[in-house]
$ cat input_37.tsv   # TSV, C-alpha atoms and all ligand atoms
chain	number	residue	atom	x	y	z
D	12	MET	CA	131.50	106.47	68.08
D	13	ILE	CA	132.68	110.01	68.63
D	14	ASN	CA	136.43	110.40	68.68
D	15	LYS	CA	136.53	113.43	70.94
D	16	ARG	CA	135.95	114.08	74.60
D	17	THR	CA	134.23	117.43	74.31
D	18	ARG	CA	130.78	117.67	75.86
D	19	GLY	CA	128.07	119.93	74.46
D	20	PHE	CA	124.74	121.20	75.77
D	21	ALA	CA	122.22	123.51	74.05
D	22	SER	CA	118.96	125.16	75.14
D	23	PRO	CA	116.70	128.04	74.14
D	24	GLY	CA	117.64	131.48	75.49
D	25	LYS	CA	114.53	131.49	77.70
D	26	TYR	CA	111.65	129.13	78.43
D	27	ILE	CA	108.45	130.65	79.82
D	28	GLN	CA	105.34	128.57	80.60
D	29	GLY	CA	102.10	129.75	82.15
D	30	PRO	CA	98.49	130.80	81.58
D	31	GLY	CA	97.89	133.83	79.33
D	32	GLU	CA	101.50	134.24	78.17
D	33	LEU	CA	100.58	134.70	74.49
D	34	ASN	CA	98.65	137.83	75.49
D	35	LYS	CA	102.05	139.37	76.23
D	36	LEU	CA	103.58	138.56	72.83
D	37	GLU	CA	103.98	142.22	71.86
D	38	LYS	CA	106.03	142.80	75.03
D	39	TYR	CA	108.31	139.90	74.07
D	40	THR	CA	108.76	140.84	70.38
D	41	SER	CA	109.31	144.55	71.21
D	42	LYS	CA	112.72	143.61	72.63
D	43	TYR	CA	113.85	142.88	69.06
D	44	GLY	CA	112.06	145.58	67.04
D	45	LYS	CA	108.79	146.63	65.43
D	46	ASN	CA	108.85	144.52	62.27
D	47	VAL	CA	107.38	141.14	63.17
D	48	ALA	CA	106.64	138.19	60.86
D	49	ILE	CA	104.27	135.67	62.45
D	50	LEU	CA	103.67	132.18	61.02
D	51	ILE	CA	100.42	130.72	62.36
D	52	ASP	CA	98.92	127.24	62.13
D	53	ARG	CA	96.10	127.17	59.59
D	54	PHE	CA	93.50	125.83	62.06
D	55	LEU	CA	94.13	128.69	64.49
D	56	TYR	CA	94.89	131.41	61.96
D	57	ALA	CA	91.60	133.33	62.04
D	58	ALA	CA	91.24	133.34	65.84
D	59	LEU	CA	94.86	134.19	66.56
D	60	GLU	CA	95.22	136.88	63.93
D	61	THR	CA	92.31	138.73	65.54
D	62	LEU	CA	93.66	138.22	69.06
D	63	LEU	CA	97.19	139.35	68.15
D	64	SER	CA	96.07	142.34	66.06
D	65	GLU	CA	94.56	143.81	69.22
D	66	GLN	CA	97.96	143.67	70.92
D	67	TYR	CA	99.96	145.39	68.21
D	68	ALA	CA	99.67	149.16	67.95
D	69	GLU	CA	99.74	150.83	64.54
D	70	ASN	CA	103.41	151.72	64.70
D	71	ASN	CA	104.24	148.03	64.44
D	72	ASN	CA	104.66	146.37	61.06
D	73	VAL	CA	103.25	142.89	61.54
D	74	GLU	CA	102.94	140.32	58.75
D	75	TYR	CA	100.68	137.36	59.49
D	76	VAL	CA	101.28	134.27	57.36
D	77	GLN	CA	99.12	131.16	57.40
D	78	PHE	CA	101.11	127.90	57.51
D	79	GLY	CA	100.57	125.60	54.52
D	80	GLY	CA	100.61	122.32	56.47
D	81	GLU	CA	104.00	120.72	55.73
D	82	CYS	CA	107.45	121.85	56.87
D	83	SER	CA	108.82	121.45	53.33
D	84	ILE	CA	111.60	123.39	51.63
D	85	GLY	CA	109.01	125.27	49.56
D	86	GLU	CA	106.99	126.25	52.62
D	87	ILE	CA	110.08	127.44	54.52
D	88	ASP	CA	111.13	129.61	51.56
D	89	ARG	CA	107.62	131.05	51.17
D	90	PHE	CA	107.58	132.27	54.78
D	91	LYS	CA	111.18	133.43	54.60
D	92	ALA	CA	110.28	135.63	51.61
D	93	ALA	CA	107.28	137.10	53.47
D	94	ALA	CA	109.49	137.93	56.48
D	95	ALA	CA	112.20	139.41	54.25
D	96	ASP	CA	109.61	141.61	52.50
D	97	ILE	CA	108.92	143.52	55.74
D	98	SER	CA	112.58	143.40	56.86
D	99	ALA	CA	111.46	141.45	59.92
D	100	ASP	CA	113.39	142.09	63.14
D	101	VAL	CA	111.98	138.94	64.68
D	102	ILE	CA	110.05	135.87	63.57
D	103	VAL	CA	107.31	134.26	65.63
D	104	GLY	CA	106.03	130.74	65.04
D	105	ILE	CA	102.69	129.83	66.61
D	106	GLY	CA	101.25	126.35	66.19
D	107	GLY	CA	102.20	122.69	66.08
D	108	GLY	CA	105.60	121.09	65.52
D	109	LYS	CA	105.71	121.53	61.75
D	110	THR	CA	104.71	125.21	61.89
D	111	LEU	CA	107.36	125.87	64.53
D	112	ASP	CA	110.02	124.00	62.57
D	113	ALA	CA	109.27	126.09	59.47
D	114	ALA	CA	109.48	129.33	61.51
D	115	LYS	CA	112.81	128.26	63.03
D	116	ALA	CA	114.22	127.38	59.61
D	117	ALA	CA	113.15	130.71	58.08
D	118	ALA	CA	114.66	132.67	61.02
D	119	SER	CA	117.88	130.71	60.70
D	120	LYS	CA	118.14	131.46	56.97
D	121	LEU	CA	117.53	135.18	57.63
D	122	LEU	CA	119.80	135.22	60.71
D	123	ILE	CA	117.17	136.94	62.88
D	124	PRO	CA	115.76	136.06	66.36
D	125	VAL	CA	112.83	133.67	66.68
D	126	ILE	CA	110.11	133.25	69.29
D	127	ILE	CA	108.43	129.86	69.32
D	128	ALA	CA	104.93	129.51	70.77
D	129	PRO	CA	103.55	125.96	70.68
D	130	THR	CA	99.75	125.72	70.73
D	131	ALA	CA	99.79	122.09	71.85
D	132	ALA	CA	102.16	120.06	74.02
D	133	SER	CA	102.32	117.53	71.19
D	134	THR	CA	106.04	117.28	70.32
D	135	ASP	CA	109.45	118.08	71.73
D	136	SER	CA	110.53	120.18	68.78
D	137	PRO	CA	109.89	123.72	70.17
D	138	THR	CA	113.04	124.16	72.26
D	139	SER	CA	115.54	122.63	69.82
D	140	ALA	CA	117.73	124.19	67.13
D	141	MET	CA	116.41	121.55	64.74
D	142	SER	CA	113.81	121.51	61.98
D	143	ILE	CA	112.54	118.24	60.52
D	144	VAL	CA	111.90	118.64	56.82
D	145	TYR	CA	109.24	116.67	54.96
D	146	THR	CA	108.29	116.46	51.29
D	147	ASP	CA	105.11	118.31	50.29
D	148	GLU	CA	103.40	114.90	50.58
D	149	GLY	CA	104.42	114.49	54.25
D	150	VAL	CA	107.23	111.93	53.87
D	151	HIS	CA	110.14	112.48	56.26
D	152	GLU	CA	113.05	113.79	54.19
D	153	ASP	CA	115.85	115.45	56.17
D	154	PHE	CA	116.64	117.62	59.17
D	155	TYR	CA	118.41	120.93	59.59
D	156	ILE	CA	120.44	121.90	62.64
D	157	HIS	CA	120.41	125.68	63.00
D	158	GLU	CA	123.20	127.77	64.47
D	159	SER	CA	121.05	128.78	67.48
D	160	ASN	CA	118.12	127.52	69.52
D	161	PRO	CA	115.03	129.74	69.69
D	162	ASN	CA	115.58	132.98	71.60
D	163	LEU	CA	112.38	132.36	73.53
D	164	VAL	CA	110.00	129.42	73.85
D	165	LEU	CA	106.70	130.84	75.04
D	166	VAL	CA	104.15	128.28	76.27
D	167	ASP	CA	100.68	129.62	77.01
D	168	THR	CA	99.02	126.89	79.05
D	169	ASP	CA	95.54	128.38	78.46
D	170	ILE	CA	96.09	127.74	74.72
D	171	ILE	CA	97.54	124.26	75.34
D	172	MET	CA	94.43	123.37	77.37
D	173	LYS	CA	92.20	124.28	74.42
D	174	ALA	CA	94.00	121.89	72.05
D	175	PRO	CA	92.55	118.40	71.51
D	176	VAL	CA	93.50	116.00	74.32
D	177	ARG	CA	94.88	113.63	71.66
D	178	LEU	CA	97.68	116.14	70.97
D	179	PHE	CA	98.58	116.27	74.67
D	180	ILE	CA	98.71	112.45	74.68
D	181	ALA	CA	100.81	112.41	71.49
D	182	GLY	CA	103.28	114.73	73.23
D	183	MET	CA	103.64	112.12	75.95
D	184	GLY	CA	104.32	109.56	73.21
D	185	ASP	CA	107.16	111.70	71.84
D	186	ALA	CA	108.52	112.25	75.36
D	187	LEU	CA	108.30	108.52	76.12
D	188	ALA	CA	111.19	107.82	73.74
D	189	THR	CA	113.59	110.43	75.13
D	190	TYR	CA	115.23	108.52	77.98
D	191	PHE	CA	115.50	105.21	76.12
D	192	GLU	CA	117.02	106.91	73.10
D	193	ALA	CA	119.43	108.76	75.44
D	194	LEU	CA	120.51	105.41	76.89
D	195	SER	CA	121.11	103.97	73.38
D	196	ASN	CA	123.25	106.96	72.47
D	197	GLU	CA	125.15	106.67	75.72
D	198	ALA	CA	125.81	102.96	75.08
D	199	SER	CA	126.98	103.57	71.51
D	200	ASP	CA	128.71	106.86	72.41
D	201	THR	CA	126.99	108.60	69.53
D	202	ALA	CA	127.23	112.37	69.20
D	203	ASN	CA	124.23	114.49	70.22
D	204	TYR	CA	122.52	117.17	68.07
D	205	VAL	CA	124.36	120.14	69.54
D	206	GLY	CA	126.12	121.96	66.71
D	207	GLU	CA	128.31	119.50	64.83
D	208	GLY	CA	127.69	116.91	67.56
D	209	TYR	CA	129.27	116.41	70.97
D	210	ARG	CA	129.36	113.90	73.79
D	211	ARG	CA	126.31	114.25	76.06
D	212	THR	CA	126.55	115.98	79.43
D	213	MET	CA	125.40	114.52	82.76
D	214	LEU	CA	122.67	117.17	82.70
D	215	GLY	CA	121.36	115.91	79.33
D	216	MET	CA	121.03	112.38	80.73
D	217	ALA	CA	119.44	113.59	84.01
D	218	ILE	CA	116.84	115.64	82.13
D	219	SER	CA	115.95	112.63	79.95
D	220	LYS	CA	115.53	110.42	83.00
D	221	LEU	CA	113.34	113.01	84.75
D	222	CYS	CA	111.24	113.18	81.59
D	223	TYR	CA	110.43	109.44	81.73
D	224	GLU	CA	109.83	109.45	85.51
D	225	THR	CA	107.45	112.41	85.17
D	226	LEU	CA	105.42	110.65	82.48
D	227	ILE	CA	105.14	107.36	84.33
D	228	THR	CA	104.16	108.93	87.66
D	229	LYS	CA	101.96	111.80	86.46
D	230	GLY	CA	100.92	111.12	82.84
D	231	LEU	CA	97.62	109.36	83.42
D	232	GLN	CA	96.39	111.84	86.04
D	233	ALA	CA	97.39	114.75	83.80
D	234	LYS	CA	95.48	113.26	80.87
D	235	ILE	CA	92.35	112.91	83.05
D	236	ASP	CA	92.74	116.50	84.27
D	237	VAL	CA	93.10	117.83	80.71
D	238	GLU	CA	90.01	115.87	79.64
D	239	ASN	CA	88.11	117.61	82.41
D	240	GLY	CA	89.50	121.05	81.61
D	241	CYS	CA	91.44	121.28	84.90
D	242	CYS	CA	94.85	122.91	84.43
D	243	THR	CA	96.40	121.45	87.58
D	244	GLU	CA	100.07	121.57	88.54
D	245	ILE	CA	100.34	117.95	87.34
D	246	VAL	CA	99.18	119.15	83.91
D	247	GLU	CA	101.81	121.91	84.02
D	248	ASP	CA	104.38	119.21	84.92
D	249	ILE	CA	103.46	117.10	81.89
D	250	ILE	CA	103.46	120.15	79.61
D	251	GLU	CA	106.97	120.86	80.90
D	252	ALA	CA	107.94	117.19	80.37
D	253	ASN	CA	106.51	117.08	76.81
D	254	ILE	CA	108.08	120.35	75.70
D	255	LEU	CA	111.08	121.28	77.86
D	256	LEU	CA	112.38	118.00	79.34
D	257	SER	CA	111.86	115.96	76.20
D	258	GLY	CA	113.15	118.82	74.02
D	259	LEU	CA	116.35	119.37	75.99
D	260	GLY	CA	116.64	115.62	76.43
D	261	PHE	CA	116.56	114.57	72.80
D	262	GLU	CA	118.71	117.44	71.52
D	263	ASN	CA	121.41	116.92	74.10
D	264	THR	CA	121.51	113.12	74.02
D	265	GLY	CA	120.27	112.13	70.55
D	266	CYS	CA	117.54	110.04	68.95
D	267	ALA	CA	117.72	106.30	68.26
D	268	ALA	CA	115.50	103.48	66.99
D	269	ALA	CA	112.19	104.88	68.30
D	270	HIS	CA	112.47	107.91	66.02
D	271	GLY	CA	114.02	105.82	63.24
D	272	ILE	CA	110.97	103.55	63.26
D	273	HIS	CA	108.78	106.66	63.29
D	274	ALA	CA	110.57	107.72	60.10
D	275	GLY	CA	109.90	104.24	58.69
D	276	LEU	CA	106.20	104.53	59.52
D	277	THR	CA	105.93	107.82	57.60
D	278	ALA	CA	106.81	105.87	54.41
D	279	LEU	CA	103.30	104.38	54.57
D	280	PRO	CA	100.64	107.00	53.77
D	281	GLN	CA	98.13	105.10	55.94
D	282	SER	CA	100.01	106.49	58.95
D	283	ASN	CA	99.56	110.13	57.85
D	284	PRO	CA	96.46	110.74	60.02
D	285	TYR	CA	98.47	109.78	63.12
D	286	PHE	CA	100.58	112.25	65.06
D	287	HIS	CA	104.37	112.21	65.33
D	288	GLY	CA	104.25	111.28	69.02
D	289	GLU	CA	101.80	108.44	68.40
D	290	LYS	CA	104.22	106.87	65.92
D	291	VAL	CA	107.18	107.51	68.24
D	292	ALA	CA	105.36	105.78	71.14
D	293	PHE	CA	104.99	102.62	69.05
D	294	GLY	CA	108.60	103.07	67.91
D	295	THR	CA	109.65	103.15	71.57
D	296	ILE	CA	108.06	99.76	72.22
D	297	CYS	CA	109.86	98.39	69.13
D	298	GLN	CA	113.16	99.84	70.39
D	299	LEU	CA	112.80	98.17	73.81
D	300	ILE	CA	112.26	94.81	72.09
D	301	LEU	CA	115.14	95.43	69.68
D	302	GLU	CA	117.42	96.13	72.65
D	303	ASN	CA	116.13	93.14	74.61
D	304	LYS	CA	115.13	95.26	77.61
D	305	SER	CA	113.53	93.58	80.63
D	306	SER	CA	109.97	92.32	80.43
D	307	GLU	CA	109.16	94.48	83.49
D	308	LEU	CA	110.17	97.61	81.62
D	309	LEU	CA	108.28	96.51	78.51
D	310	GLU	CA	105.19	95.89	80.66
D	311	GLU	CA	105.54	99.34	82.24
D	312	VAL	CA	105.86	101.13	78.88
D	313	ILE	CA	103.06	99.21	77.13
D	314	GLY	CA	100.88	99.60	80.24
D	315	PHE	CA	101.51	103.34	80.19
D	316	CYS	CA	100.62	103.58	76.49
D	317	LEU	CA	97.39	101.64	77.01
D	318	SER	CA	96.46	103.72	80.09
D	319	VAL	CA	96.72	107.05	78.27
D	320	GLY	CA	95.60	105.82	74.84
D	321	LEU	CA	98.83	105.69	72.82
D	322	PRO	CA	99.16	103.14	69.98
D	323	VAL	CA	100.64	99.75	70.81
D	324	THR	CA	100.05	97.94	67.49
D	325	LEU	CA	100.52	98.71	63.79
D	326	LYS	CA	96.75	98.51	63.41
D	327	ASP	CA	96.44	101.31	65.99
D	328	LEU	CA	98.38	103.40	63.43
D	329	GLY	CA	96.13	102.42	60.52
D	330	ILE	CA	98.63	99.89	59.15
D	331	GLU	CA	97.88	96.26	58.29
D	332	ASP	CA	100.60	94.15	59.92
D	333	ASN	CA	101.52	92.21	56.77
D	334	LYS	CA	105.09	91.39	55.70
D	335	GLU	CA	105.18	93.92	52.89
D	336	ASN	CA	104.26	96.85	55.15
D	337	ILE	CA	106.68	95.83	57.89
D	338	ARG	CA	109.47	95.45	55.31
D	339	ILE	CA	108.87	98.99	54.07
D	340	ILE	CA	108.97	100.37	57.64
D	341	ALA	CA	112.09	98.37	58.54
D	342	GLY	CA	113.89	99.34	55.34
D	343	LYS	CA	113.35	103.06	55.82
D	344	ALA	CA	114.05	102.85	59.57
D	345	LEU	CA	117.38	101.12	58.93
D	346	ILE	CA	118.59	104.11	56.91
D	347	ALA	CA	117.42	106.54	59.64
D	348	ILE	CA	119.06	104.83	62.66
D	349	SER	CA	122.75	105.31	63.39
D	350	SER	CA	122.81	105.25	67.16
D	351	GLU	CA	122.05	101.75	68.42
D	352	PRO	CA	124.93	100.10	70.31
D	353	PHE	CA	125.11	97.09	67.91
D	354	VAL	CA	125.16	96.41	64.17
D	355	LEU	CA	121.58	96.67	63.03
D	356	THR	CA	120.02	94.73	60.15
D	357	GLU	CA	116.69	95.07	58.38
D	358	ALA	CA	115.72	91.61	59.66
D	359	MET	CA	116.30	92.68	63.29
D	360	LEU	CA	114.07	95.70	62.76
D	361	PHE	CA	111.44	93.61	60.96
D	362	ASN	CA	111.31	91.18	63.88
D	363	ALA	CA	111.18	93.90	66.54
D	364	ILE	CA	108.35	95.74	64.77
D	365	LYS	CA	106.36	92.53	64.22
D	366	ALA	CA	106.95	91.38	67.81
D	367	ALA	CA	105.97	94.80	69.23
D	368	SER	CA	102.71	94.80	67.32
D	369	GLU	CA	101.92	91.22	68.42
D	370	ILE	CA	102.67	91.94	72.10
D	371	GLY	CA	100.56	95.07	71.87
D	372	LYS	CA	97.71	93.00	70.40
D	373	ALA	CA	97.98	90.45	73.20
D	374	LYS	CA	98.02	93.13	75.92
D	375	LYS	CA	94.95	94.80	74.43
D	376	GLU	CA	93.08	91.51	74.41
D	377	ALA	CA	94.14	90.69	77.99
S	401	ZN	ZN	110.05	113.41	68.28

$ encode --input "input_37.tsv" --output "structure tokens"
Amino acid sequence: MINKRTRGFASPGKYIQGPGELNKLEKYTSKYGKNVAILIDRFLYAALETLLSEQYAENNNVEYVQFGGECSIGEIDRFKAAAADISADVIVGIGGGKTLDAAKAAASKLLIPVIIAPTAASTDSPTSAMSIVYTDEGVHEDFYIHESNPNLVLVDTDIIMKAPVRLFIAGMGDALATYFEALSNEASDTANYVGEGYRRTMLGMAISKLCYETLITKGLQAKIDVENGCCTEIVEDIIEANILLSGLGFENTGCAAAHGIHAGLTALPQSNPYFHGEKVAFGTICQLILENKSSELLEEVIGFCLSVGLPVTLKDLGIEDNKENIRIIAGKALIAISSEPFVLTEAMLFNAIKAASEIGKAKKEA
């Protein structure tokens, strides 16, 4: 419970989404200065360094740094040092959620502006003032809340369309949790992630609801369009849902059991090959069972996951559904969850996770 009435809402300074926007990066960074430190995902490093070098004239001082793969304390400090070496006026993060989180954290430590350019619509992290920190081995460790949200979130839909479809689907998995986690936080009156934590605004709740409605009505068609290389308006809508609606939604209303169970899943290394949003999608199904939501809603959510190809069982996440594994997930999840509107026990989580996986199995066989 929060013992204050003050409402809080946060968002990036600007959000820009459209084809070819990354080709204008120099125009966007020039507003802050000529010294630019750019952290780039390792898989895209070679291609993007070439592309960006063509944009920057010689009077710019641009430092390109290849991301190491984990948003760990060591990796954040390594990039921070590289940016400090050129007295960067602005930091740019280009890549997936972990790359962007590391760029945000480095900018926050240096107190300089940051431009965030996601290369896939795979998580809702880009717009937030938050960085999730992992160990070097990929185990979820902590999160930082920075003083400010990114100055600009720049989404180039041409680049998003080139990413594997599985990332686009994973983004829908992350976005699937947003509204249900918002409702849990509303019921428990838990503080959101704005600054030191405030009561959610009506806008935060409305955005979260729109996020879920957009996924359910447009998600499958968008996935088919992406598979066929067609960047339709429905695809733009889902990109906006995955990045902007889910991002503003979770930050301004809070996370709950779905993300807590995701954190639990990361304790098992078998789940490492699976994306954040894939684990969150399964966590969402667990949360609905934990909260005893209606069977119609459960059907709708599991049906959506199956239609777009999101995991609905532990096995779908590479995990054998034995007692020992489920106990590990439940134990770690229990520590991570503080926002459900009832007293939570490890046994309740164990049962919800087991039941979710069994229902998922039955629906797949049906
Ligand atoms: Zn998430």

$ residues_near_point --input "input_37.tsv" --point "(114.3, 118.6, 74.2)" --cutoff "10 Å" --atoms "all atoms listed in the file" --output "PyMOL selection string"
chain D and resi 21-23+134-140+186+189+215+218-219+222+252-265

$ residues_around --input "input_37.tsv" --residues "Thr40 (chain D)" --least-positions-apart "2" --cutoff "9 Å" --atoms "only C-alpha atoms" --output "MDAnalysis selection string"
chainID D and resid 36:38 42:47 100:103 126

$ residues_near_ligand --input "input_37.tsv" --ligand "ligand ZN 401 (chain S)" --cutoff "10 Å" --atoms "only C-alpha atoms and all ligand atoms" --output "compact mmCIF listing (two decimals) with C-alpha atoms, in the frame of the given file"
# COMPACT_ATOMS: atom_id res chain seq x y z
CA GLY D 108 105.60 121.09 65.52
CA SER D 133 102.32 117.53 71.19
CA THR D 134 106.04 117.28 70.32
CA ASP D 135 109.45 118.08 71.73
CA SER D 136 110.53 120.18 68.78
CA ILE D 143 112.54 118.24 60.52
CA ALA D 181 100.81 112.41 71.49
CA GLY D 182 103.28 114.73 73.23
CA GLY D 184 104.32 109.56 73.21
CA ASP D 185 107.16 111.70 71.84
CA ALA D 186 108.52 112.25 75.36
CA LEU D 187 108.30 108.52 76.12
CA ALA D 188 111.19 107.82 73.74
CA THR D 189 113.59 110.43 75.13
CA ASN D 253 106.51 117.08 76.81
CA SER D 257 111.86 115.96 76.20
CA GLY D 258 113.15 118.82 74.02
CA PHE D 261 116.56 114.57 72.80
CA CYS D 266 117.54 110.04 68.95
CA ALA D 269 112.19 104.88 68.30
CA HIS D 270 112.47 107.91 66.02
CA GLY D 271 114.02 105.82 63.24
CA HIS D 273 108.78 106.66 63.29
CA ALA D 274 110.57 107.72 60.10
CA HIS D 287 104.37 112.21 65.33
CA GLY D 288 104.25 111.28 69.02
CA GLU D 289 101.80 108.44 68.40
CA LYS D 290 104.22 106.87 65.92
CA VAL D 291 107.18 107.51 68.24
CA ALA D 292 105.36 105.78 71.14

$ residues_near_point --input "input_37.tsv" --point "(102.2, 88.2, 65.9)" --cutoff "12 Å" --atoms "all atoms listed in the file" --output "JSON, numbers by chain"
{"D": [324, 325, 326, 331, 332, 333, 334, 337, 361, 362, 363, 364, 365, 366, 367, 368, 369, 370, 371, 372, 373, 374]}

$ closest_residue --input "input_37.tsv" --among "D:Gly208, D:Lys35, D:Gly240, D:Ser199" --to "Val354 (chain D)" --atoms "only C-alpha atoms"
D:Ser199
